[in-house]
$ cat protein11.txt   # compact mmCIF, C-alpha atoms and all ligand atoms
# COMPACT_ATOMS: atom_id res chain seq x y z
CA MET A 177 25.95 -15.69 4.10
CA LYS A 178 23.06 -17.88 2.98
CA ASN A 179 21.83 -17.83 -0.60
CA HIS A 180 19.58 -14.86 -1.17
CA ARG A 181 16.04 -15.83 -2.07
CA ARG A 182 14.60 -13.37 -4.55
CA LEU A 183 11.31 -12.12 -3.15
CA PHE A 184 7.98 -12.44 -4.96
CA ILE A 185 6.05 -11.87 -1.72
CA PRO A 186 3.75 -8.89 -1.16
CA GLY A 187 6.25 -7.06 0.99
CA PRO A 188 8.98 -6.63 1.69
CA SER A 189 9.89 -6.45 -1.98
CA GLU A 190 13.18 -7.00 -3.70
CA VAL A 191 15.38 -3.87 -3.50
CA ARG A 192 17.73 -2.93 -6.33
CA THR A 193 21.42 -2.64 -5.40
CA GLU A 194 21.52 1.00 -6.45
CA ASN A 195 18.98 1.82 -3.74
CA LEU A 196 20.66 -0.36 -1.12
CA LEU A 197 23.86 1.57 -1.80
CA ALA A 198 22.03 4.90 -1.50
CA MET A 199 21.24 3.91 2.08
CA ALA A 200 24.95 3.79 2.78
CA THR A 201 25.34 7.53 2.04
CA PRO A 202 27.22 9.16 4.95
CA GLN A 203 24.79 10.60 7.47
CA VAL A 204 23.85 14.27 7.64
CA GLY A 205 22.52 16.12 10.68
CA HIS A 206 18.74 16.23 10.55
CA ARG A 207 18.79 19.94 11.46
CA ALA A 208 21.60 20.73 9.01
CA PRO A 209 21.00 22.46 5.65
CA GLU A 210 22.02 19.26 3.83
CA PHE A 211 19.01 17.51 5.28
CA GLY A 212 16.69 20.32 4.20
CA GLU A 213 18.06 19.96 0.67
CA LEU A 214 17.36 16.23 0.69
CA TYR A 215 13.81 16.78 1.97
CA ALA A 216 13.16 19.51 -0.59
CA ASP A 217 14.57 17.33 -3.36
CA ILE A 218 12.15 14.51 -2.53
CA GLN A 219 8.94 16.59 -2.25
CA PRO A 220 8.26 17.55 -5.90
CA LYS A 221 8.97 13.99 -7.07
CA ILE A 222 6.68 12.35 -4.54
CA GLN A 223 3.99 14.95 -5.32
CA LYS A 224 4.33 14.08 -8.99
CA LEU A 225 3.94 10.37 -8.18
CA LEU A 226 0.69 11.15 -6.34
CA TYR A 227 -0.56 13.78 -8.82
CA THR A 228 -0.85 16.37 -6.05
CA GLU A 229 0.56 19.62 -4.74
CA GLN A 230 -0.42 18.81 -1.17
CA PRO A 231 2.30 18.26 1.42
CA VAL A 232 3.49 14.67 1.54
CA PHE A 233 4.78 13.69 4.98
CA MET A 234 7.49 11.09 5.42
CA VAL A 235 7.04 9.37 8.73
CA SER A 236 9.59 7.02 10.25
CA SER A 237 7.26 4.21 11.18
CA SER A 238 5.68 1.17 9.62
CA ALA A 239 2.44 1.94 7.78
CA THR A 240 0.34 0.74 10.72
CA GLY A 241 1.57 3.70 12.76
CA VAL A 242 0.17 6.18 10.26
CA MET A 243 -3.08 4.17 10.01
CA GLU A 244 -3.40 4.87 13.74
CA GLY A 245 -2.34 8.48 13.30
CA SER A 246 -4.95 9.21 10.66
CA VAL A 247 -7.92 8.12 12.76
CA ARG A 248 -6.49 9.93 15.78
CA ASN A 249 -6.24 13.16 13.79
CA LEU A 250 -9.49 12.90 11.86
CA ALA A 251 -12.16 10.82 13.62
CA HIS A 252 -13.68 13.31 16.05
CA LYS A 253 -17.23 12.02 16.07
CA LYS A 254 -17.47 8.48 14.76
CA ALA A 255 -15.65 6.44 12.14
CA VAL A 256 -16.76 3.71 9.77
CA ASN A 257 -14.12 1.10 8.94
CA TYR A 258 -14.73 -0.76 5.67
CA ILE A 259 -13.46 -4.34 6.02
CA CYS A 260 -12.71 -6.82 3.22
CA GLY A 261 -9.63 -8.57 4.59
CA ALA A 262 -6.93 -8.60 7.24
CA PHE A 263 -5.48 -5.12 6.80
CA SER A 264 -8.83 -3.35 6.63
CA LYS A 265 -9.83 -5.32 9.73
CA ARG A 266 -6.66 -4.10 11.42
CA TRP A 267 -7.80 -0.50 10.87
CA HIS A 268 -11.00 -1.27 12.76
CA GLN A 269 -9.00 -2.81 15.60
CA ILE A 270 -6.73 0.26 15.65
CA THR A 271 -9.71 2.64 15.75
CA LYS A 272 -11.23 0.72 18.66
CA ALA A 273 -7.89 0.53 20.46
CA CYS A 274 -7.63 4.33 20.26
CA GLY A 275 -10.95 4.58 22.07
CA ILE A 276 -12.65 6.13 19.02
CA ASP A 277 -16.34 5.45 18.46
CA CYS A 278 -16.60 3.33 15.29
CA ASP A 279 -18.61 0.83 13.26
CA ALA A 280 -17.34 -1.93 11.00
CA HIS A 281 -18.85 -2.47 7.55
CA GLU A 282 -17.61 -5.90 6.57
CA VAL A 283 -17.98 -7.93 3.39
CA GLU A 284 -16.99 -11.51 2.75
CA TRP A 285 -13.23 -11.84 2.16
CA GLY A 286 -12.50 -11.95 -1.57
CA CYS A 287 -15.22 -9.35 -2.23
CA ALA A 288 -14.66 -5.64 -2.72
CA ILE A 289 -16.25 -2.68 -0.98
CA LYS A 290 -18.71 -1.16 -3.46
CA PRO A 291 -19.92 2.44 -3.93
CA GLU A 292 -23.41 1.65 -2.61
CA MET A 293 -21.87 0.57 0.70
CA ILE A 294 -20.20 3.96 1.01
CA GLU A 295 -23.52 5.64 0.24
CA GLU A 296 -25.38 3.48 2.76
CA ARG A 297 -23.14 4.57 5.64
CA LEU A 298 -22.24 8.15 4.78
CA SER A 299 -25.83 9.13 4.00
CA THR A 300 -26.77 8.48 7.65
CA GLY A 301 -24.76 11.55 8.69
CA GLU A 302 -23.44 9.55 11.65
CA TYR A 303 -19.79 9.53 10.59
CA ASP A 304 -17.05 12.12 10.18
CA CYS A 305 -14.32 9.70 9.10
CA MET A 306 -14.03 6.53 7.03
CA THR A 307 -11.18 4.09 6.45
CA PHE A 308 -10.75 2.17 3.20
CA VAL A 309 -7.99 -0.19 2.07
CA LEU A 310 -7.40 0.33 -1.64
CA ASN A 311 -5.58 -2.92 -2.31
CA GLU A 312 -6.34 -5.66 0.26
CA THR A 313 -3.04 -7.52 0.28
CA SER A 314 -4.50 -10.46 2.22
CA THR A 315 -7.11 -11.31 -0.43
CA GLY A 316 -5.71 -9.71 -3.60
CA VAL A 317 -8.74 -7.45 -3.98
CA LEU A 318 -8.55 -3.96 -5.44
CA GLY A 319 -11.36 -1.63 -4.38
CA PRO A 320 -13.18 0.39 -7.08
CA ILE A 321 -11.78 3.66 -5.81
CA GLU A 322 -12.93 5.89 -8.66
CA GLU A 323 -16.57 4.80 -8.34
CA CYS A 324 -16.39 5.05 -4.53
CA ALA A 325 -14.85 8.52 -4.80
CA GLU A 326 -17.95 9.76 -6.65
CA VAL A 327 -19.90 8.90 -3.50
CA TRP A 328 -17.60 10.21 -0.78
CA LYS A 329 -17.11 13.48 -2.65
CA LYS A 330 -20.79 14.22 -1.91
CA TYR A 331 -19.95 14.16 1.81
CA PRO A 332 -17.11 16.68 2.31
CA ASP A 333 -17.48 16.57 6.10
CA VAL A 334 -16.39 12.95 6.16
CA SER A 335 -12.60 12.53 6.19
CA VAL A 336 -11.55 9.79 3.78
CA CYS A 337 -8.48 7.82 4.89
CA ILE A 338 -7.02 5.44 2.34
CA ASP A 339 -4.45 2.72 2.95
CA ALA A 340 -2.61 2.38 -0.36
CA VAL A 341 0.26 0.39 1.13
CA SER A 342 0.44 -2.27 -1.57
CA ALA A 343 -0.70 0.00 -4.43
CA MET A 344 1.13 3.33 -4.20
CA ALA A 345 3.97 3.51 -6.76
CA GLY A 346 2.48 0.46 -8.51
CA MET A 347 -0.58 2.09 -10.08
CA LYS A 348 -1.85 5.58 -10.79
CA ILE A 349 -3.55 7.14 -7.76
CA ASP A 350 -4.59 10.72 -8.42
CA PHE A 351 -4.78 12.12 -4.90
CA ASP A 352 -6.43 15.44 -5.78
CA ALA A 353 -8.99 14.07 -8.24
CA LEU A 354 -10.15 11.34 -5.85
CA GLY A 355 -11.11 13.72 -3.06
CA VAL A 356 -9.07 11.79 -0.51
CA ASP A 357 -7.93 13.25 2.82
CA VAL A 358 -5.16 10.86 3.80
CA LEU A 359 -3.33 8.51 1.46
CA LEU A 360 -0.63 6.40 3.06
CA ALA A 361 1.87 3.70 2.12
CA GLY A 362 5.01 2.11 3.49
CA LEU A 363 8.10 1.87 1.32
CA GLN A 364 8.48 -1.92 1.44
CA LYS A 365 5.88 -2.82 -1.20
CA CYS A 366 5.56 -1.09 -4.59
CA PHE A 367 8.31 1.44 -3.86
CA ALA A 368 10.67 -1.55 -3.66
CA LEU A 369 12.64 -0.07 -0.77
CA PRO A 370 13.42 -1.45 2.69
CA SER A 371 10.69 -1.16 5.34
CA GLY A 372 10.80 1.60 7.91
CA LEU A 373 9.28 4.72 6.39
CA THR A 374 5.70 5.68 5.54
CA ILE A 375 4.58 8.19 2.93
CA CYS A 376 1.43 10.14 3.69
CA ALA A 377 -0.32 12.80 1.59
CA VAL A 378 -2.81 14.93 3.52
CA SER A 379 -5.51 17.26 2.14
CA ASP A 380 -5.99 20.90 3.15
CA GLY A 381 -9.35 19.98 4.62
CA ALA A 382 -7.78 17.37 6.87
CA LEU A 383 -4.99 19.74 7.95
CA GLU A 384 -7.62 22.31 8.86
CA LYS A 385 -9.85 19.82 10.65
CA CYS A 386 -7.14 18.45 12.94
CA LYS A 387 -6.04 21.92 14.07
CA ASP A 388 -8.15 22.03 17.17
CA ALA A 389 -8.46 18.31 17.77
CA LYS A 390 -7.58 16.94 21.17
CA GLY A 391 -6.86 13.36 20.23
CA ASN A 392 -4.02 13.81 17.71
CA GLY A 393 -1.50 12.33 20.10
CA TYR A 394 2.15 13.28 19.77
CA TYR A 395 4.17 11.17 17.31
CA PHE A 396 1.66 11.20 14.44
CA ASP A 397 0.20 14.68 15.03
CA PHE A 398 -0.36 16.08 11.52
CA GLN A 399 -0.01 19.64 12.86
CA ALA A 400 3.47 18.89 14.16
CA LEU A 401 4.38 17.19 10.88
CA LEU A 402 3.11 20.22 8.95
CA LYS A 403 5.06 22.68 11.08
CA SER A 404 8.29 20.77 10.44
CA HIS A 405 7.41 20.23 6.79
CA ALA A 406 7.39 24.01 6.29
CA LYS A 407 11.07 23.94 7.32
CA ASN A 408 11.90 20.87 5.19
CA GLN A 409 12.30 18.87 8.37
CA THR A 410 10.60 16.17 10.40
CA PRO A 411 9.60 16.63 14.07
CA THR A 412 11.96 13.91 15.33
CA THR A 413 15.10 12.25 13.94
CA PRO A 414 13.93 10.47 10.79
CA ALA A 415 15.18 7.28 9.14
CA ILE A 416 17.78 9.23 7.16
CA PRO A 417 19.12 6.21 5.19
CA HIS A 418 15.60 5.52 3.93
CA LEU A 419 15.26 9.12 2.77
CA PHE A 420 18.45 8.81 0.73
CA ALA A 421 17.11 5.61 -0.80
CA LEU A 422 13.69 7.17 -1.45
CA ASN A 423 15.29 10.10 -3.23
CA SER A 424 17.30 7.72 -5.40
CA GLN A 425 14.29 5.55 -6.19
CA LEU A 426 11.99 8.50 -6.96
CA GLU A 427 14.57 9.86 -9.37
CA TYR A 428 14.44 6.46 -11.08
CA ILE A 429 10.64 6.16 -11.02
CA VAL A 430 9.83 9.68 -12.17
CA ASN A 431 12.75 10.54 -14.44
CA VAL A 432 14.19 7.26 -15.70
CA GLU A 433 11.36 4.74 -15.94
CA GLY A 434 8.56 7.33 -16.11
CA LEU A 435 5.20 7.04 -14.36
CA ASP A 436 3.16 5.82 -17.33
CA ASN A 437 5.73 3.14 -18.11
CA ARG A 438 5.70 2.03 -14.49
CA TRP A 439 1.91 1.68 -14.44
CA ALA A 440 1.99 -0.16 -17.79
CA ARG A 441 4.66 -2.59 -16.56
CA HIS A 442 2.60 -3.43 -13.49
CA ALA A 443 -0.53 -3.91 -15.60
CA GLU A 444 1.30 -6.24 -17.99
CA MET A 445 2.77 -8.40 -15.21
CA CYS A 446 -0.65 -8.56 -13.57
CA GLU A 447 -2.32 -9.75 -16.75
CA VAL A 448 0.26 -12.49 -17.22
CA VAL A 449 -0.10 -13.81 -13.66
CA GLN A 450 -3.91 -13.67 -13.74
CA ASP A 451 -3.96 -15.53 -17.08
CA TRP A 452 -1.60 -18.13 -15.65
CA ALA A 453 -3.79 -18.59 -12.54
CA ILE A 454 -6.88 -19.12 -14.64
CA ASP A 455 -5.17 -21.37 -17.23
CA ARG A 456 -3.76 -23.64 -14.51
CA GLY A 457 -7.19 -24.06 -12.95
CA PHE A 458 -6.68 -22.06 -9.78
CA GLY A 459 -8.68 -18.99 -10.55
CA LEU A 460 -8.54 -15.84 -8.50
CA PHE A 461 -9.58 -15.48 -4.87
CA ALA A 462 -10.99 -12.04 -5.77
CA GLU A 463 -14.71 -12.17 -6.63
CA SER A 464 -13.93 -11.28 -10.26
CA ARG A 465 -11.10 -10.12 -12.44
CA GLU A 466 -12.53 -6.62 -12.36
CA TYR A 467 -11.76 -6.39 -8.64
CA ALA A 468 -8.43 -8.23 -8.70
CA SER A 469 -5.32 -6.46 -7.50
CA LYS A 470 -2.89 -5.00 -10.04
CA THR A 471 0.18 -5.52 -7.86
CA LEU A 472 -0.25 -9.03 -6.47
CA THR A 473 -2.37 -12.02 -7.37
CA CYS A 474 -4.04 -14.22 -4.79
CA MET A 475 -4.64 -17.68 -6.27
CA ASP A 476 -7.64 -19.66 -5.03
CA ASN A 477 -6.26 -23.07 -4.00
CA ARG A 478 -9.47 -24.53 -2.53
CA GLU A 479 -10.19 -26.73 -5.53
CA LYS A 480 -6.74 -27.87 -6.62
CA GLN A 481 -5.31 -27.98 -3.09
CA ILE A 482 -1.65 -27.98 -3.99
CA ASN A 483 0.69 -28.09 -1.00
CA VAL A 484 1.69 -24.44 -0.78
CA ALA A 485 4.30 -24.93 1.94
CA GLN A 486 5.95 -27.66 -0.15
CA LEU A 487 5.87 -25.49 -3.27
CA ASN A 488 7.72 -22.74 -1.42
CA LYS A 489 10.25 -25.30 -0.14
CA ASP A 490 10.83 -26.44 -3.71
CA LEU A 491 11.10 -22.84 -4.89
CA ALA A 492 13.83 -22.28 -2.32
CA LYS A 493 16.06 -24.57 -4.38
CA TYR A 494 15.78 -21.99 -7.15
CA ASN A 495 16.40 -19.15 -4.67
CA VAL A 496 12.97 -17.59 -5.06
CA MET A 497 10.07 -17.16 -2.64
CA ILE A 498 6.35 -16.62 -3.05
CA SER A 499 3.77 -16.18 -0.29
CA ASN A 500 1.24 -18.51 1.25
CA GLY A 501 -2.21 -17.23 2.12
CA TYR A 502 -2.68 -14.70 4.91
CA GLY A 503 -3.84 -15.97 8.31
CA ASP A 504 -6.79 -18.34 7.91
CA LEU A 505 -6.20 -18.43 4.15
CA LYS A 506 -2.76 -20.00 4.61
CA GLU A 507 -3.26 -23.17 2.51
CA LYS A 508 -6.51 -22.02 0.88
CA THR A 509 -4.70 -19.46 -1.25
CA PHE A 510 -1.22 -18.45 -2.28
CA ARG A 511 0.06 -15.13 -3.47
CA ILE A 512 2.52 -13.90 -6.05
CA ALA A 513 3.56 -10.27 -5.89
CA HIS A 514 4.24 -8.48 -9.17
CA MET A 515 5.14 -5.15 -7.70
CA GLY A 516 7.98 -2.74 -7.27
CA ASP A 517 10.87 -3.14 -9.68
CA THR A 518 10.03 -6.73 -10.63
CA THR A 519 10.03 -7.14 -14.42
CA LEU A 520 7.99 -9.24 -16.81
CA VAL A 521 11.08 -11.37 -17.41
CA ASP A 522 11.34 -12.08 -13.66
CA ILE A 523 7.67 -13.05 -13.57
CA LEU A 524 7.82 -15.29 -16.64
CA GLY A 525 10.87 -17.02 -15.15
CA LEU A 526 9.10 -17.57 -11.83
CA LEU A 527 5.97 -18.98 -13.48
CA ALA A 528 8.06 -21.31 -15.65
CA VAL A 529 9.79 -22.66 -12.53
CA ILE A 530 6.45 -23.17 -10.76
CA ASP A 531 5.12 -25.03 -13.82
CA ARG A 532 8.21 -27.22 -13.76
CA ILE A 533 7.80 -28.01 -10.05
CA LEU A 534 4.06 -28.68 -10.27
CA GLY A 535 4.44 -30.69 -13.50
CA PHE A 536 2.06 -28.50 -15.51
C1 LIG B 601 1.69 -4.46 4.40
C2 LIG B 601 0.41 -3.77 4.61
C3 LIG B 601 0.13 -3.04 5.79
C4 LIG B 601 1.05 -3.06 6.98
O1 LIG B 601 2.16 -2.29 6.79
P1 LIG B 601 3.26 -2.21 7.93
O2 LIG B 601 4.29 -1.35 7.27
O3 LIG B 601 3.71 -3.59 8.23
O4 LIG B 601 2.65 -1.56 9.11
C5 LIG B 601 -1.05 -2.36 5.87
N1 LIG B 601 -1.94 -2.37 4.87
C6 LIG B 601 -1.73 -3.06 3.74
C7 LIG B 601 -2.77 -3.05 2.68
C8 LIG B 601 -0.54 -3.78 3.58
O5 LIG B 601 -0.33 -4.45 2.45

$ encode --input "protein11.txt" --output "structure tokens"
Amino acid sequence: MKNHRRLFIPGPSEVRTENLLAMATPQVGHRAPEFGELYADIQPKIQKLLYTEQPVFMVSSSATGVMEGSVRNLAHKKAVNYICGAFSKRWHQITKACGIDCDAHEVEWGCAIKPEMIEERLSTGEYDCMTFVLNETSTGVLGPIEECAEVWKKYPDVSVCIDAVSAMAGMKIDFDALGVDVLLAGLQKCFALPSGLTICAVSDGALEKCKDAKGNGYYFDFQALLKSHAKNQTPTTPAIPHLFALNSQLEYIVNVEGLDNRWARHAEMCEVVQDWAIDRGFGLFAESREYASKTLTCMDNREKQINVAQLNKDLAKYNVMISNGYGDLKEKTFRIAHMGDTTLVDILGLLAVIDRILGF
């Protein structure tokens, strides 16, 4: 086997051995009582993580599948897709590909979607669904969700779908208080688990709204998920190994590390990496520190123009890996993830090695 390169990329994240081993638990039948027990064991912990009592579905799919599912279930009239980077743009492409009437509201990459942009669109009365990416992994921008929530709460007929893929389990997201209808995330980012399962909290309003919808489709139909949920099951055979790992990791997050400690650890790592970026003359790609992601930092490389590909090659000698920029931003930026179970010691070690390589 090749040397393992420890991952500091914004997904997939490094997985602790304990959770890898949990995946090797002998299989149970997905209609057997043992499976129901596993499902029921996970629910209260995941609800605690999201500060909600709403059902939290666990869908065996990458997050993109549930992004598609949420607009299928909830955009009956017209959707507005807020775009500030590659993943929020993907949601617009998905909405169009599903044949749903939609508009894009795009800002320059590096900028955040602001509350007045929500007001501008929702006040027209044209839309019954909006999509919003909380933490734009491609640009390292964190949207001001609390301020935006004050706006969308005034428009209860608009379903609010939030992609929290690179934020959930890395920062506090109070599902109920934010007036959100769908909040989704894959396991491979801040949960620090292998990819393959998506977590999705859904509001009562959304579950009611999609009851008589025609476009829900089959695999991501929230009604079907709800019906199975009531029996502590999933409609089709789920990724059972991932559910064992999720149960193990939630036990750790909620009962060993503790939620407040987890949020504080992420905030501390974030501060250290942002300080480093600014001290070394890169600066942040995000428009300001206020809107910079808490779980990954996207360095602006346009001024210093270090060779990012070469840096990663050099880092390979130390068995670590960071990420270049996303798509068109490949050499213009580079990204360091400080998410999941990564510790401050890991981050300080990584930054020291980068300093050594770059001769800072
Ligand atoms: C990684 C990521 C996705 C895509 O997730 P998949 O599991 O690959 O479908 C979507 N949105 C954001 C913000 C991401 O970071």

$ atom_distance --input "protein11.txt" --atom1 "atom CA of A:Leu298" --atom2 "atom CA of A:Ser246"
18.3 Å

$ residues_near_ligand --input "protein11.txt" --ligand "ligand LIG 601 (chain B)" --cutoff "7 Å" --atoms "only C-alpha atoms and all ligand atoms" --output "MDAnalysis selection string"
chainID A and resid 187 238:241 263 309 311:313 339:342 362 371

$ residues_around --input "protein11.txt" --residues "A:Leu383" --least-positions-apart "2" --cutoff "12 Å" --atoms "all atoms listed in the file" --output "compact mmCIF listing (two decimals) with C-alpha atoms, in the coordinates of the input"
# COMPACT_ATOMS: atom_id res chain seq x y z
CA GLN A 230 -0.42 18.81 -1.17
CA PRO A 231 2.30 18.26 1.42
CA VAL A 232 3.49 14.67 1.54
CA PHE A 233 4.78 13.69 4.98
CA SER A 246 -4.95 9.21 10.66
CA ASN A 249 -6.24 13.16 13.79
CA LEU A 250 -9.49 12.90 11.86
CA SER A 335 -12.60 12.53 6.19
CA ASP A 357 -7.93 13.25 2.82
CA VAL A 358 -5.16 10.86 3.80
CA ALA A 377 -0.32 12.80 1.59
CA VAL A 378 -2.81 14.93 3.52
CA SER A 379 -5.51 17.26 2.14
CA ASP A 380 -5.99 20.90 3.15
CA GLY A 381 -9.35 19.98 4.62
CA LYS A 385 -9.85 19.82 10.65
CA CYS A 386 -7.14 18.45 12.94
CA LYS A 387 -6.04 21.92 14.07
CA ASP A 388 -8.15 22.03 17.17
CA ALA A 389 -8.46 18.31 17.77
CA ASN A 392 -4.02 13.81 17.71
CA ASP A 397 0.20 14.68 15.03
CA PHE A 398 -0.36 16.08 11.52
CA GLN A 399 -0.01 19.64 12.86
CA ALA A 400 3.47 18.89 14.16
CA LEU A 401 4.38 17.19 10.88
CA LEU A 402 3.11 20.22 8.95
CA LYS A 403 5.06 22.68 11.08

$ closest_residue --input "protein11.txt" --among "A:Thr315, A:Gly393, A:Glu284, A:Val191" --to "A:Arg248" --atoms "all atoms listed in the file"
A:Gly393

$ closest_residue --input "protein11.txt" --among "A:Glu466, A:Gln425, A:Arg456, A:Val448" --to "A:Glu479" --atoms "all atoms listed in the file"
A:Arg456

$ residues_around --input "protein11.txt" --residues "A:Asn483" --least-positions-apart "4" --cutoff "9 Å" --atoms "all atoms listed in the file" --output "JSON, numbers by chain"
{"A": [487, 488, 507]}

$ write_last_selection --input "protein11.txt" --atoms "C-alpha atoms" --output "PDB file, in the coordinates of the input"
ATOM      1  CA  LEU A 487       5.870 -25.490  -3.270  1.00  0.00           C
ATOM      2  CA  ASN A 488       7.720 -22.740  -1.420  1.00  0.00           C
ATOM      3  CA  GLU A 507      -3.260 -23.170   2.510  1.00  0.00           C
TER       4      GLU A 507
END

$ closest_residue --input "protein11.txt" --among "A:Ala255, A:Leu460, A:Ala345, A:Val242" --to "A:Val317" --atoms "only C-alpha atoms"
A:Leu460

$ axis_aligned_box --input "protein11.txt" --around "stretch 518-535 of chain A" --padding-each-side "5 Å" --output "AutoDock Vina command-line options"
--center_x 7.7 --center_y -18.7 --center_z -13.7 --size_x 17.3 --size_y 34.0 --size_z 17.4

$ atom_distance --input "protein11.txt" --atom1 "atom CA of A:Val235" --atom2 "atom CA of A:Lys329"
27.0 Å
